[in-house]
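**Student:** This is the structure I want to talk about, given as structure tokens.
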Amino acid sequence: MLEAIDHVILPVRSLDAAAEPFERLGLKLTPKAGHQGAGTSNRVFFVGGEKSQFYVELLTVDDEAAARRAGNREDIIEALQSEAG
């Protein structure tokens, strides 16, 4: 049984473009943060109440080779490659 959600990952090609609709809704996103050595970066926003808070992570691949070397990024890379447009 699921008791809590830590976070939800949304793979995106552009952090700024993906953040814009959420910011228009009044949500406050963190500044871009790079993941050293992982080839990825993110922006996040928090949702939920005191007992049910979690965050949504907009995640992009900045350096595919570094992301592949870091591991655990294959799903993100595949999602971005299969995305239309």
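FYI, nothing fancy with the structure tokens labels: chains A, B, ... in order, residues from 1 per chain, ligands from 1 as they appear.
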DSSP on the backbone, strand (DSSP E or B) only: what residues of chain A does that give? Format it as an MDAnalysis selection string.
**Tutor:** chainID A and resid 7:11 33:35 40:47 54:61
**Student:** Can I get the residues of stretch 51-85 of chain A within 10 Å of stretch 2-11 of chain A, each with the closest pair of atoms and their distance in Å to one decimal, using only C-alpha atoms, sorted chain first then ascending number, as CSV?
**Tutor:**
residue,atom,partner,partner_atom,distance
A:Lys51,CA,A:Ala4,CA,9.1
A:Ser52,CA,A:Ala4,CA,7.0
A:Gln53,CA,A:Ile5,CA,7.9
A:Phe54,CA,A:Asp6,CA,5.2
A:Tyr55,CA,A:His7,CA,4.7
A:Val56,CA,A:Val8,CA,4.8
A:Glu57,CA,A:Ile9,CA,4.8
A:Leu58,CA,A:Leu10,CA,4.9
A:Leu59,CA,A:Pro11,CA,4.9
A:Thr60,CA,A:Pro11,CA,5.8
A:Val61,CA,A:Pro11,CA,8.4
A:Asp75,CA,A:Pro11,CA,9.1
A:Ile76,CA,A:Pro11,CA,5.9
A:Ile77,CA,A:Pro11,CA,8.3
A:Glu78,CA,A:Pro11,CA,9.6
A:Ala79,CA,A:Pro11,CA,6.8
A:Leu80,CA,A:Pro11,CA,6.5
A:Glu83,CA,A:Pro11,CA,9.5
**Student:** Contacts of A:Ala67 at 10 Å or less, counting only C-alpha atoms, minus same-chain residues fewer than 3 places along, as a ChimeraX atom specification?
**Tutor:** /A:35,37-40,61-64,70-74,76-77
**Student:** Apply DSSP to the backbone of this structure and, from chain A, keep only the residues in alpha helix (DSSP H); write these as a PyMOL selection string.
**Tutor:** chain A and resi 15-24+64-70+74-82
**Student:** Let's have the selection written as a CSV table (one decimal), in the first residue's frame, with N, CA, C and O atoms.
**Tutor:**
chain,number,residue,atom,x,y,z
A,15,LEU,N,13.9,23.4,-19.4
A,15,LEU,CA,13.4,23.7,-18.0
A,15,LEU,C,12.5,25.0,-18.0
A,15,LEU,O,11.5,25.0,-17.4
A,16,ASP,N,13.0,26.0,-18.7
A,16,ASP,CA,12.3,27.3,-18.7
A,16,ASP,C,11.0,27.1,-19.4
A,16,ASP,O,10.0,27.6,-18.9
A,17,ALA,N,10.9,26.5,-20.5
A,17,ALA,CA,9.6,26.3,-21.2
A,17,ALA,C,8.7,25.5,-20.4
A,17,ALA,O,7.5,25.8,-20.4
A,18,ALA,N,9.2,24.4,-19.8
A,18,ALA,CA,8.3,23.6,-19.0
A,18,ALA,C,7.8,24.3,-17.7
A,18,ALA,O,6.7,24.0,-17.3
A,19,ALA,N,8.6,25.1,-17.2
A,19,ALA,CA,8.3,25.8,-15.9
A,19,ALA,C,7.2,26.9,-16.1
A,19,ALA,O,6.4,27.2,-15.2
A,20,GLU,N,7.2,27.5,-17.3
A,20,GLU,CA,6.4,28.7,-17.6
A,20,GLU,C,4.9,28.4,-17.2
A,20,GLU,O,4.3,29.3,-16.5
A,21,PRO,N,4.3,27.4,-17.7
A,21,PRO,CA,2.9,27.2,-17.4
A,21,PRO,C,2.6,27.0,-15.9
A,21,PRO,O,1.6,27.5,-15.4
A,22,PHE,N,3.5,26.4,-15.2
A,22,PHE,CA,3.3,26.3,-13.7
A,22,PHE,C,3.5,27.6,-13.0
A,22,PHE,O,2.8,27.9,-12.1
A,23,GLU,N,4.4,28.4,-13.5
A,23,GLU,CA,4.6,29.8,-12.9
A,23,GLU,C,3.4,30.6,-13.2
A,23,GLU,O,3.0,31.4,-12.3
A,24,ARG,N,2.8,30.5,-14.4
A,24,ARG,CA,1.6,31.3,-14.7
A,24,ARG,C,0.5,30.9,-13.7
A,24,ARG,O,-0.4,31.7,-13.4
A,64,GLU,N,24.1,14.2,-22.5
A,64,GLU,CA,23.6,12.8,-22.6
A,64,GLU,C,24.7,11.8,-22.2
A,64,GLU,O,24.5,10.8,-21.5
A,65,ALA,N,26.0,12.0,-22.7
A,65,ALA,CA,27.0,11.1,-22.4
A,65,ALA,C,27.3,11.0,-20.9
A,65,ALA,O,27.4,9.9,-20.3
A,66,ALA,N,27.3,12.1,-20.2
A,66,ALA,CA,27.5,12.1,-18.7
A,66,ALA,C,26.3,11.5,-18.0
A,66,ALA,O,26.5,10.7,-17.1
A,67,ALA,N,25.1,11.7,-18.5
A,67,ALA,CA,23.9,11.1,-17.9
A,67,ALA,C,24.0,9.5,-18.1
A,67,ALA,O,23.6,8.8,-17.1
A,68,ARG,N,24.4,9.1,-19.2
A,68,ARG,CA,24.5,7.6,-19.4
A,68,ARG,C,25.6,7.0,-18.5
A,68,ARG,O,25.4,6.0,-17.9
A,69,ARG,N,26.7,7.7,-18.3
A,69,ARG,CA,27.8,7.3,-17.4
A,69,ARG,C,27.3,7.2,-16.0
A,69,ARG,O,27.7,6.3,-15.2
A,70,ALA,N,26.5,8.2,-15.6
A,70,ALA,CA,26.0,8.3,-14.2
A,70,ALA,C,25.1,7.1,-13.9
A,70,ALA,O,24.9,6.8,-12.7
A,74,GLU,N,18.5,6.3,-17.9
A,74,GLU,CA,18.1,5.7,-19.2
A,74,GLU,C,16.6,6.0,-19.5
A,74,GLU,O,16.3,6.3,-20.6
A,75,ASP,N,15.8,5.9,-18.5
A,75,ASP,CA,14.3,6.1,-18.7
A,75,ASP,C,14.1,7.6,-19.1
A,75,ASP,O,13.3,7.9,-19.9
A,76,ILE,N,14.9,8.5,-18.5
A,76,ILE,CA,14.7,9.9,-18.8
A,76,ILE,C,15.2,10.2,-20.2
A,76,ILE,O,14.5,10.9,-21.0
A,77,ILE,N,16.3,9.6,-20.6
A,77,ILE,CA,16.9,9.8,-21.9
A,77,ILE,C,15.9,9.3,-22.9
A,77,ILE,O,15.6,9.9,-23.9
A,78,GLU,N,15.4,8.1,-22.7
A,78,GLU,CA,14.4,7.4,-23.7
A,78,GLU,C,13.2,8.3,-23.8
A,78,GLU,O,12.6,8.4,-24.9
A,79,ALA,N,12.7,8.7,-22.7
A,79,ALA,CA,11.4,9.6,-22.7
A,79,ALA,C,11.6,10.8,-23.5
A,79,ALA,O,10.8,11.2,-24.3
A,80,LEU,N,12.8,11.4,-23.4
A,80,LEU,CA,13.0,12.7,-24.1
A,80,LEU,C,13.3,12.4,-25.6
A,80,LEU,O,12.9,13.2,-26.5
A,81,GLN,N,13.9,11.2,-25.9
A,81,GLN,CA,14.1,10.9,-27.3
A,81,GLN,C,12.8,10.5,-28.0
A,81,GLN,O,12.7,10.7,-29.2
A,82,SER,N,11.9,9.9,-27.3
A,82,SER,CA,10.6,9.5,-27.9
A,82,SER,C,9.6,10.6,-28.0
A,82,SER,O,8.6,10.4,-28.6
**Student:** Taking 4 positions as the minimum chain separation for residues in the same chain, which residues sit within 7 Å of stretch 26-33 of chain A when counting only C-alpha atoms? Answer as a list in words.
**Tutor:**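 Once the nearby chain positions are removed, what remains is Phe22, Ser41, Asn42, Arg43, Val44 and Phe45 of chain A.
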